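Have a look at coords01.txt below; it lists compact mmCIF, N, CA and C atoms.
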# COMPACT_ATOMS: atom_id res chain seq x y z
N MET A 25 9.40 -7.41 11.61
CA MET A 25 9.14 -7.24 13.02
C MET A 25 7.85 -6.46 13.26
N GLN A 26 7.67 -5.35 12.48
CA GLN A 26 6.46 -4.54 12.65
C GLN A 26 5.21 -5.33 12.29
N LEU A 27 5.31 -6.15 11.24
CA LEU A 27 4.16 -6.95 10.85
C LEU A 27 3.80 -7.93 11.96
N ALA A 28 4.79 -8.60 12.51
CA ALA A 28 4.52 -9.56 13.60
C ALA A 28 3.89 -8.85 14.79
N CYS A 29 4.39 -7.70 15.13
CA CYS A 29 3.84 -6.92 16.24
C CYS A 29 2.40 -6.51 15.95
N HIS A 30 2.16 -6.04 14.74
CA HIS A 30 0.81 -5.63 14.34
C HIS A 30 -0.16 -6.81 14.43
N LEU A 31 0.24 -7.94 13.88
CA LEU A 31 -0.63 -9.11 13.90
C LEU A 31 -0.88 -9.62 15.31
N TRP A 32 0.08 -9.44 16.19
CA TRP A 32 -0.09 -9.85 17.58
C TRP A 32 -1.08 -8.94 18.31
N LEU A 33 -1.11 -7.67 17.93
CA LEU A 33 -1.96 -6.70 18.63
C LEU A 33 -3.40 -6.63 18.12
N VAL A 34 -3.65 -7.04 16.89
CA VAL A 34 -5.01 -6.92 16.35
C VAL A 34 -5.91 -8.02 16.89
N ARG A 35 -7.21 -7.76 16.83
CA ARG A 35 -8.18 -8.73 17.34
C ARG A 35 -8.27 -9.97 16.46
N ARG A 36 -8.19 -9.77 15.15
CA ARG A 36 -8.29 -10.89 14.22
C ARG A 36 -7.12 -10.83 13.24
N PRO A 37 -6.04 -11.54 13.52
CA PRO A 37 -4.84 -11.43 12.69
C PRO A 37 -4.97 -12.01 11.28
N HIS A 38 -5.82 -13.03 11.09
CA HIS A 38 -5.89 -13.67 9.78
C HIS A 38 -6.39 -12.73 8.69
N PRO A 39 -7.47 -11.98 8.91
CA PRO A 39 -7.88 -11.04 7.86
C PRO A 39 -6.82 -9.96 7.60
N GLU A 40 -6.15 -9.52 8.64
CA GLU A 40 -5.10 -8.51 8.46
C GLU A 40 -3.95 -9.07 7.63
N LEU A 41 -3.55 -10.30 7.91
CA LEU A 41 -2.47 -10.92 7.15
C LEU A 41 -2.88 -11.09 5.69
N ARG A 42 -4.12 -11.52 5.45
CA ARG A 42 -4.61 -11.65 4.07
C ARG A 42 -4.54 -10.30 3.35
N LEU A 43 -4.93 -9.25 4.05
CA LEU A 43 -4.88 -7.91 3.46
C LEU A 43 -3.45 -7.53 3.10
N VAL A 44 -2.53 -7.72 4.02
CA VAL A 44 -1.13 -7.36 3.78
C VAL A 44 -0.58 -8.15 2.59
N LEU A 45 -0.84 -9.44 2.55
CA LEU A 45 -0.33 -10.26 1.45
C LEU A 45 -0.93 -9.83 0.11
N ALA A 46 -2.22 -9.51 0.10
CA ALA A 46 -2.87 -9.07 -1.14
C ALA A 46 -2.30 -7.74 -1.61
N VAL A 47 -2.11 -6.81 -0.67
CA VAL A 47 -1.57 -5.50 -1.03
C VAL A 47 -0.15 -5.63 -1.55
N VAL A 48 0.67 -6.41 -0.88
CA VAL A 48 2.06 -6.56 -1.31
C VAL A 48 2.15 -7.28 -2.66
N ALA A 49 1.31 -8.27 -2.88
CA ALA A 49 1.31 -8.96 -4.19
C ALA A 49 0.90 -8.00 -5.31
N ALA A 50 -0.16 -7.23 -5.08
CA ALA A 50 -0.60 -6.27 -6.09
C ALA A 50 0.45 -5.18 -6.31
N ALA A 51 1.07 -4.73 -5.22
CA ALA A 51 2.10 -3.70 -5.32
C ALA A 51 3.32 -4.22 -6.08
N ALA A 52 3.67 -5.48 -5.89
CA ALA A 52 4.80 -6.06 -6.61
C ALA A 52 4.55 -6.03 -8.11
N VAL A 53 3.33 -6.34 -8.51
CA VAL A 53 2.98 -6.30 -9.93
C VAL A 53 3.03 -4.86 -10.43
N TRP A 54 2.40 -3.93 -9.71
CA TRP A 54 2.37 -2.51 -10.09
C TRP A 54 3.78 -1.94 -10.22
N GLU A 55 4.60 -2.17 -9.21
CA GLU A 55 5.97 -1.63 -9.22
C GLU A 55 6.80 -2.24 -10.34
N THR A 56 6.64 -3.54 -10.57
CA THR A 56 7.38 -4.20 -11.64
C THR A 56 6.96 -3.64 -13.00
N LEU A 57 5.68 -3.36 -13.18
CA LEU A 57 5.22 -2.75 -14.44
C LEU A 57 5.85 -1.37 -14.63
N LEU A 58 5.94 -0.59 -13.57
CA LEU A 58 6.57 0.72 -13.66
C LEU A 58 8.05 0.60 -14.03
N ILE A 59 8.72 -0.37 -13.44
CA ILE A 59 10.14 -0.59 -13.73
C ILE A 59 10.32 -1.03 -15.17
N ARG A 60 9.55 -2.01 -15.59
CA ARG A 60 9.67 -2.55 -16.95
C ARG A 60 9.28 -1.52 -18.02
N ALA A 61 8.40 -0.60 -17.67
CA ALA A 61 8.01 0.47 -18.61
C ALA A 61 9.08 1.56 -18.69
N GLY A 62 10.09 1.47 -17.84
CA GLY A 62 11.16 2.47 -17.84
C GLY A 62 10.78 3.77 -17.17
N LEU A 63 9.74 3.74 -16.35
CA LEU A 63 9.29 4.96 -15.68
C LEU A 63 10.00 5.21 -14.36
N ILE A 64 10.52 4.15 -13.77
CA ILE A 64 11.21 4.27 -12.49
C ILE A 64 12.32 3.23 -12.44
N ALA A 65 13.41 3.58 -11.82
CA ALA A 65 14.52 2.65 -11.64
C ALA A 65 14.98 2.74 -10.19
N TYR A 66 15.30 1.59 -9.65
CA TYR A 66 15.81 1.53 -8.27
C TYR A 66 17.27 1.11 -8.34
N PRO A 67 18.19 2.07 -8.14
CA PRO A 67 19.61 1.77 -8.31
C PRO A 67 20.20 0.85 -7.25
N HIS A 68 19.52 0.70 -6.11
CA HIS A 68 20.08 -0.10 -5.02
C HIS A 68 19.11 -1.20 -4.61
N GLY A 69 19.64 -2.36 -4.32
CA GLY A 69 18.85 -3.39 -3.69
C GLY A 69 18.03 -4.30 -4.59
N ALA A 70 18.20 -4.21 -5.90
CA ALA A 70 17.44 -5.09 -6.79
C ALA A 70 18.13 -6.45 -6.85
N LEU A 71 17.45 -7.47 -6.38
CA LEU A 71 18.00 -8.83 -6.46
C LEU A 71 17.87 -9.38 -7.88
N TRP A 72 16.75 -9.02 -8.52
CA TRP A 72 16.49 -9.46 -9.88
C TRP A 72 16.23 -8.24 -10.73
N PRO A 73 17.10 -7.95 -11.69
CA PRO A 73 16.90 -6.77 -12.53
C PRO A 73 15.52 -6.81 -13.20
N GLY A 74 14.86 -5.67 -13.21
CA GLY A 74 13.54 -5.58 -13.82
C GLY A 74 12.39 -5.88 -12.88
N PHE A 75 12.72 -6.24 -11.65
CA PHE A 75 11.67 -6.53 -10.66
C PHE A 75 11.82 -5.61 -9.46
N VAL A 76 10.77 -5.51 -8.71
CA VAL A 76 10.75 -4.63 -7.53
C VAL A 76 11.75 -5.12 -6.48
N PRO A 77 12.52 -4.21 -5.90
CA PRO A 77 13.48 -4.63 -4.86
C PRO A 77 12.77 -5.02 -3.57
N PRO A 78 13.35 -5.96 -2.83
CA PRO A 78 12.73 -6.42 -1.58
C PRO A 78 12.50 -5.31 -0.56
N TRP A 79 13.40 -4.33 -0.47
CA TRP A 79 13.22 -3.26 0.50
C TRP A 79 11.96 -2.46 0.21
N LEU A 80 11.60 -2.35 -1.07
CA LEU A 80 10.38 -1.63 -1.41
C LEU A 80 9.14 -2.42 -1.02
N LEU A 81 9.22 -3.73 -1.15
CA LEU A 81 8.10 -4.57 -0.70
C LEU A 81 7.92 -4.45 0.81
N ALA A 82 9.04 -4.30 1.52
CA ALA A 82 8.94 -4.09 2.98
C ALA A 82 8.22 -2.78 3.29
N LEU A 83 8.46 -1.74 2.49
CA LEU A 83 7.73 -0.49 2.69
C LEU A 83 6.24 -0.66 2.41
N TRP A 84 5.92 -1.49 1.43
CA TRP A 84 4.51 -1.78 1.14
C TRP A 84 3.86 -2.52 2.30
N VAL A 85 4.59 -3.40 2.96
CA VAL A 85 4.06 -4.09 4.15
C VAL A 85 3.71 -3.05 5.21
N LEU A 86 4.62 -2.11 5.45
CA LEU A 86 4.37 -1.07 6.45
C LEU A 86 3.16 -0.21 6.07
N PHE A 87 3.02 0.08 4.78
CA PHE A 87 1.86 0.84 4.33
C PHE A 87 0.58 0.03 4.53
N ALA A 88 0.61 -1.24 4.18
CA ALA A 88 -0.58 -2.09 4.27
C ALA A 88 -1.08 -2.23 5.71
N ILE A 89 -0.18 -2.31 6.68
CA ILE A 89 -0.64 -2.47 8.06
C ILE A 89 -1.27 -1.18 8.59
N GLN A 90 -1.10 -0.08 7.88
CA GLN A 90 -1.72 1.18 8.29
C GLN A 90 -3.12 1.38 7.72
N LEU A 91 -3.51 0.54 6.77
CA LEU A 91 -4.80 0.75 6.10
C LEU A 91 -5.98 0.70 7.06
N ASN A 92 -5.98 -0.22 8.00
CA ASN A 92 -7.08 -0.33 8.96
C ASN A 92 -6.82 0.46 10.24
N VAL A 93 -5.70 1.15 10.29
CA VAL A 93 -5.37 1.95 11.47
C VAL A 93 -5.44 3.44 11.10
N LEU A 94 -4.56 3.85 10.23
CA LEU A 94 -4.42 5.26 9.89
C LEU A 94 -5.42 5.73 8.84
N PHE A 95 -5.76 4.88 7.89
CA PHE A 95 -6.58 5.31 6.76
C PHE A 95 -8.03 4.88 6.83
N ARG A 96 -8.49 4.35 7.93
CA ARG A 96 -9.88 3.88 8.02
C ARG A 96 -10.88 5.02 7.89
N TRP A 97 -10.48 6.23 8.20
CA TRP A 97 -11.36 7.39 8.09
C TRP A 97 -11.73 7.68 6.64
N LEU A 98 -11.00 7.12 5.68
CA LEU A 98 -11.31 7.34 4.27
C LEU A 98 -12.43 6.43 3.76
N ARG A 99 -12.87 5.49 4.57
CA ARG A 99 -13.95 4.59 4.13
C ARG A 99 -15.20 5.40 3.79
N GLY A 100 -15.72 5.14 2.61
CA GLY A 100 -16.91 5.84 2.15
C GLY A 100 -16.63 7.23 1.59
N ARG A 101 -15.41 7.70 1.72
CA ARG A 101 -15.02 9.02 1.20
C ARG A 101 -14.14 8.79 -0.04
N TRP A 102 -14.76 8.25 -1.08
CA TRP A 102 -14.00 7.77 -2.24
C TRP A 102 -13.34 8.91 -3.00
N GLY A 103 -14.02 10.03 -3.14
CA GLY A 103 -13.41 11.18 -3.81
C GLY A 103 -12.20 11.70 -3.07
N LEU A 104 -12.31 11.74 -1.76
CA LEU A 104 -11.19 12.19 -0.94
C LEU A 104 -10.04 11.18 -1.01
N ALA A 105 -10.37 9.89 -1.01
CA ALA A 105 -9.34 8.86 -1.14
C ALA A 105 -8.62 8.99 -2.48
N MET A 106 -9.38 9.25 -3.54
CA MET A 106 -8.77 9.43 -4.86
C MET A 106 -7.86 10.65 -4.88
N THR A 107 -8.33 11.74 -4.29
CA THR A 107 -7.54 12.97 -4.27
C THR A 107 -6.27 12.78 -3.46
N LEU A 108 -6.41 12.20 -2.28
CA LEU A 108 -5.24 11.94 -1.44
C LEU A 108 -4.23 11.04 -2.17
N GLY A 109 -4.73 9.98 -2.80
CA GLY A 109 -3.86 9.09 -3.54
C GLY A 109 -3.15 9.80 -4.69
N ALA A 110 -3.89 10.60 -5.44
CA ALA A 110 -3.32 11.29 -6.59
C ALA A 110 -2.24 12.30 -6.21
N ILE A 111 -2.32 12.82 -4.99
CA ILE A 111 -1.33 13.80 -4.54
C ILE A 111 -0.21 13.14 -3.76
N ALA A 112 -0.57 12.37 -2.72
CA ALA A 112 0.44 11.82 -1.81
C ALA A 112 1.24 10.68 -2.44
N GLY A 113 0.60 9.86 -3.27
CA GLY A 113 1.31 8.74 -3.89
C GLY A 113 2.52 9.19 -4.70
N PRO A 114 2.31 10.06 -5.70
CA PRO A 114 3.45 10.53 -6.48
C PRO A 114 4.49 11.29 -5.65
N LEU A 115 4.01 12.04 -4.64
CA LEU A 115 4.97 12.77 -3.79
C LEU A 115 5.89 11.83 -3.03
N SER A 116 5.38 10.65 -2.64
CA SER A 116 6.25 9.71 -1.94
C SER A 116 7.33 9.17 -2.88
N PHE A 117 6.98 8.96 -4.15
CA PHE A 117 7.99 8.54 -5.12
C PHE A 117 9.00 9.65 -5.37
N ARG A 118 8.52 10.88 -5.43
CA ARG A 118 9.40 12.02 -5.64
C ARG A 118 10.37 12.16 -4.47
N ALA A 119 9.87 11.94 -3.26
CA ALA A 119 10.74 11.99 -2.09
C ALA A 119 11.79 10.89 -2.15
N GLY A 120 11.39 9.69 -2.57
CA GLY A 120 12.34 8.60 -2.72
C GLY A 120 13.42 8.93 -3.75
N ALA A 121 13.02 9.57 -4.83
CA ALA A 121 13.99 9.97 -5.85
C ALA A 121 14.94 11.04 -5.31
N ALA A 122 14.39 11.99 -4.54
CA ALA A 122 15.23 13.05 -3.96
C ALA A 122 16.25 12.47 -2.98
N LEU A 123 15.88 11.37 -2.33
CA LEU A 123 16.81 10.73 -1.38
C LEU A 123 17.78 9.77 -2.07
N GLY A 124 17.61 9.56 -3.36
CA GLY A 124 18.51 8.69 -4.10
C GLY A 124 18.09 7.23 -4.11
N ALA A 125 16.92 6.92 -3.59
CA ALA A 125 16.46 5.53 -3.57
C ALA A 125 15.86 5.11 -4.90
N ALA A 126 15.45 6.09 -5.70
CA ALA A 126 14.82 5.80 -6.99
C ALA A 126 15.30 6.84 -8.00
N HIS A 127 15.16 6.46 -9.26
CA HIS A 127 15.48 7.39 -10.34
C HIS A 127 14.27 7.44 -11.26
N LEU A 128 13.83 8.63 -11.61
CA LEU A 128 12.70 8.82 -12.50
C LEU A 128 13.23 9.35 -13.84
N PRO A 129 13.46 8.46 -14.82
CA PRO A 129 14.02 8.90 -16.10
C PRO A 129 13.14 9.91 -16.84
N HIS A 130 11.84 9.80 -16.69
CA HIS A 130 10.89 10.70 -17.34
C HIS A 130 9.98 11.28 -16.24
N PRO A 131 10.46 12.25 -15.48
CA PRO A 131 9.76 12.69 -14.28
C PRO A 131 8.32 13.14 -14.51
N THR A 132 8.07 13.96 -15.52
CA THR A 132 6.72 14.47 -15.74
C THR A 132 5.76 13.35 -16.10
N LEU A 133 6.15 12.51 -17.03
CA LEU A 133 5.31 11.38 -17.43
C LEU A 133 5.09 10.43 -16.25
N THR A 134 6.15 10.13 -15.53
CA THR A 134 6.05 9.22 -14.39
C THR A 134 5.12 9.77 -13.32
N MET A 135 5.26 11.05 -13.00
CA MET A 135 4.40 11.64 -11.98
C MET A 135 2.94 11.63 -12.41
N GLY A 136 2.67 11.85 -13.69
CA GLY A 136 1.31 11.79 -14.19
C GLY A 136 0.72 10.40 -14.08
N ILE A 137 1.50 9.40 -14.47
CA ILE A 137 1.04 8.01 -14.39
C ILE A 137 0.85 7.60 -12.93
N LEU A 138 1.78 8.01 -12.07
CA LEU A 138 1.64 7.71 -10.65
C LEU A 138 0.40 8.37 -10.06
N ALA A 139 0.10 9.59 -10.48
CA ALA A 139 -1.09 10.28 -9.97
C ALA A 139 -2.36 9.53 -10.37
N ILE A 140 -2.42 9.11 -11.61
CA ILE A 140 -3.59 8.35 -12.07
C ILE A 140 -3.66 7.00 -11.35
N GLY A 141 -2.52 6.32 -11.28
CA GLY A 141 -2.48 5.02 -10.61
C GLY A 141 -2.89 5.11 -9.15
N TRP A 142 -2.35 6.09 -8.44
CA TRP A 142 -2.67 6.23 -7.03
C TRP A 142 -4.09 6.73 -6.79
N ALA A 143 -4.64 7.49 -7.76
CA ALA A 143 -6.04 7.90 -7.65
C ALA A 143 -6.95 6.69 -7.70
N LEU A 144 -6.51 5.63 -8.35
CA LEU A 144 -7.27 4.37 -8.39
C LEU A 144 -6.88 3.45 -7.24
N TRP A 145 -5.60 3.43 -6.92
CA TRP A 145 -5.07 2.56 -5.87
C TRP A 145 -5.68 2.85 -4.51
N MET A 146 -5.66 4.12 -4.13
CA MET A 146 -6.03 4.46 -2.74
C MET A 146 -7.46 4.06 -2.40
N PRO A 147 -8.47 4.41 -3.21
CA PRO A 147 -9.81 3.95 -2.85
C PRO A 147 -9.94 2.43 -2.89
N THR A 148 -9.21 1.80 -3.80
CA THR A 148 -9.25 0.33 -3.87
C THR A 148 -8.66 -0.28 -2.61
N LEU A 149 -7.55 0.26 -2.14
CA LEU A 149 -6.92 -0.25 -0.93
C LEU A 149 -7.79 -0.01 0.30
N VAL A 150 -8.45 1.15 0.35
CA VAL A 150 -9.36 1.43 1.47
C VAL A 150 -10.53 0.46 1.45
N TRP A 151 -11.06 0.19 0.26
CA TRP A 151 -12.16 -0.77 0.13
C TRP A 151 -11.70 -2.17 0.56
N MET A 152 -10.49 -2.58 0.11
CA MET A 152 -9.96 -3.89 0.50
C MET A 152 -9.78 -3.97 2.01
N SER A 153 -9.32 -2.90 2.62
CA SER A 153 -9.07 -2.92 4.06
C SER A 153 -10.37 -3.06 4.84
N ALA A 154 -11.44 -2.46 4.34
CA ALA A 154 -12.73 -2.59 5.03
C ALA A 154 -13.23 -4.02 4.97
N ARG A 155 -12.92 -4.72 3.90
CA ARG A 155 -13.35 -6.11 3.75
C ARG A 155 -12.49 -7.09 4.56
N SER A 156 -11.29 -6.67 4.92
CA SER A 156 -10.37 -7.52 5.69
C SER A 156 -9.91 -6.78 6.93
N ASP A 157 -10.86 -6.34 7.71
CA ASP A 157 -10.53 -5.55 8.89
C ASP A 157 -10.34 -6.47 10.09
N GLY A 158 -9.11 -6.60 10.52
CA GLY A 158 -8.82 -7.41 11.70
C GLY A 158 -8.71 -6.57 12.96
N ILE A 159 -8.87 -5.26 12.83
CA ILE A 159 -8.76 -4.36 13.97
C ILE A 159 -10.04 -4.40 14.78
N ASP A 160 -11.17 -4.18 14.10
CA ASP A 160 -12.46 -4.21 14.78
C ASP A 160 -12.86 -5.65 15.05
N ALA A 161 -13.44 -5.85 16.20
CA ALA A 161 -13.95 -7.20 16.54
C ALA A 161 -15.20 -7.46 15.72
N PRO A 162 -15.39 -8.71 15.32
CA PRO A 162 -16.62 -9.02 14.58
C PRO A 162 -17.84 -8.77 15.47
N PRO A 163 -18.98 -8.41 14.86
CA PRO A 163 -20.15 -8.17 15.70
C PRO A 163 -20.53 -9.42 16.48
N SER A 164 -20.84 -9.24 17.72
CA SER A 164 -21.19 -10.39 18.55
C SER A 164 -22.71 -10.47 18.70
N ALA A 165 -23.17 -11.66 18.92
CA ALA A 165 -24.61 -11.87 19.12
C ALA A 165 -24.98 -11.36 20.50
N PRO A 166 -26.20 -10.85 20.65
CA PRO A 166 -26.61 -10.39 21.98
C PRO A 166 -26.61 -11.56 22.97
N SER A 167 -26.18 -11.26 24.15
CA SER A 167 -26.12 -12.32 25.16
C SER A 167 -27.49 -12.58 25.74
N ALA A 168 -27.72 -13.82 26.07
CA ALA A 168 -29.01 -14.22 26.66
C ALA A 168 -29.06 -13.79 28.13
N PRO A 169 -30.24 -13.39 28.60
CA PRO A 169 -30.33 -12.95 30.00
C PRO A 169 -30.12 -14.09 30.99
What does the file become when written as structure tokens?
Amino acid sequence: MQLACHLWLVRRPHPELRLVLAVVAAAAVWETLLIRAGLIAYPHGALWPGFVPPWLLALWVLFAIQLNVLFRWLRGRWGLAMTLGAIAGPLSFRAGAALGAAHLPHPTLTMGILAIGWALWMPTLVWMSARSDGIDAPPSAPSAP
């Protein structure tokens, strides 16, 4: 529902949809690698053991629609994006574990890998969002007098 609402409100929905699909596809691979490596387990909602649960992909959709809204200020601030990713990314997983949505069998190792992963993820996602920005209108040609 939120995705449909977002796409309805933006100026150019096609680039936004491409961004969301790319982020969710990449996140599905990343999350599945974490699961298969035994670094994280999702005790609830897994339709296919060893793969990312659908509810987590829905959270990635919500995150992706914020890239051109909430996180656009990080464009060009790559060091800050890396720092924010390295701190906030692992903390979100820790919060999920504290709520019982995830289990971290090797917490220290997992948090370290998540910090490195998110330090790379966040600037990459900000860069992707700038290339597929459906929020800003494309530049228009000057009108003739």
Backbone-only DSSP, helix (DSSP H, G or I) members of chain A, as a PyMOL selection string: chain A and resi 26-33+37-60+78-88+96-98+102-122+131-155
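Here CA of Gly158 (chain A) stands at a distance of 26.6 Å from CA of Ser116 (chain A).
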Close residues, Phe75 (chain A) itself excluded, 7 Å, all atoms listed in the file, min 5 positions apart in chain, as a short mmCIF file (atom, residue, chain, number, x, y, z; two decimals) with N, CA and C atoms, keeping the file's coordinate frame:
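Listed below is the output, selection17.cif:
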data_model
loop_
_atom_site.label_atom_id
_atom_site.label_comp_id
_atom_site.auth_asym_id
_atom_site.auth_seq_id
_atom_site.Cartn_x
_atom_site.Cartn_y
_atom_site.Cartn_z
N GLU A 55 4.60 -2.17 -9.21
CA GLU A 55 5.97 -1.63 -9.22
C GLU A 55 6.80 -2.24 -10.34
N THR A 56 6.64 -3.54 -10.57
CA THR A 56 7.38 -4.20 -11.64
C THR A 56 6.96 -3.64 -13.00
N ILE A 59 8.72 -0.37 -13.44
CA ILE A 59 10.14 -0.59 -13.73
C ILE A 59 10.32 -1.03 -15.17
N ARG A 60 9.55 -2.01 -15.59
CA ARG A 60 9.67 -2.55 -16.95
C ARG A 60 9.28 -1.52 -18.02
N ALA A 70 18.20 -4.21 -5.90
CA ALA A 70 17.44 -5.09 -6.79
C ALA A 70 18.13 -6.45 -6.85
#
Close residues, region 135-149 of chain A itself excluded, 8 Å, only C-alpha atoms, min 5 positions apart in chain, as a ChimeraX atom specification: /A:47,91,102,105-111,113-114
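For the atom pair formed by CA of Met152 (chain A) and CA of Tyr66 (chain A), the distance is 27.8 Å, given to one decimal.
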Interatomic distance, CA of Arg118 (chain A) to CA of Val44 (chain A) (Å, one decimal): 24.0 Å
Distance query Arg42 (chain A) at most 12 Å, only C-alpha atoms, self and fewer than 6 positions along chain excluded, as a ChimeraX atom specification: /A:31,36,48-49,85,88-89,152-153,155-158
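With all atoms listed in the file as the basis for measurement, A:Ala52 is the residue among A:Ile64, A:Leu33, A:Ala125, A:Ala52 that approaches Trp84 (chain A) most closely.
You can rank A:Pro73, A:Ala126, A:Asn92, A:Ala112 by their closest distance to Ala154 (chain A) using all atoms listed in the file, and at the top of that list sits A:Asn92.
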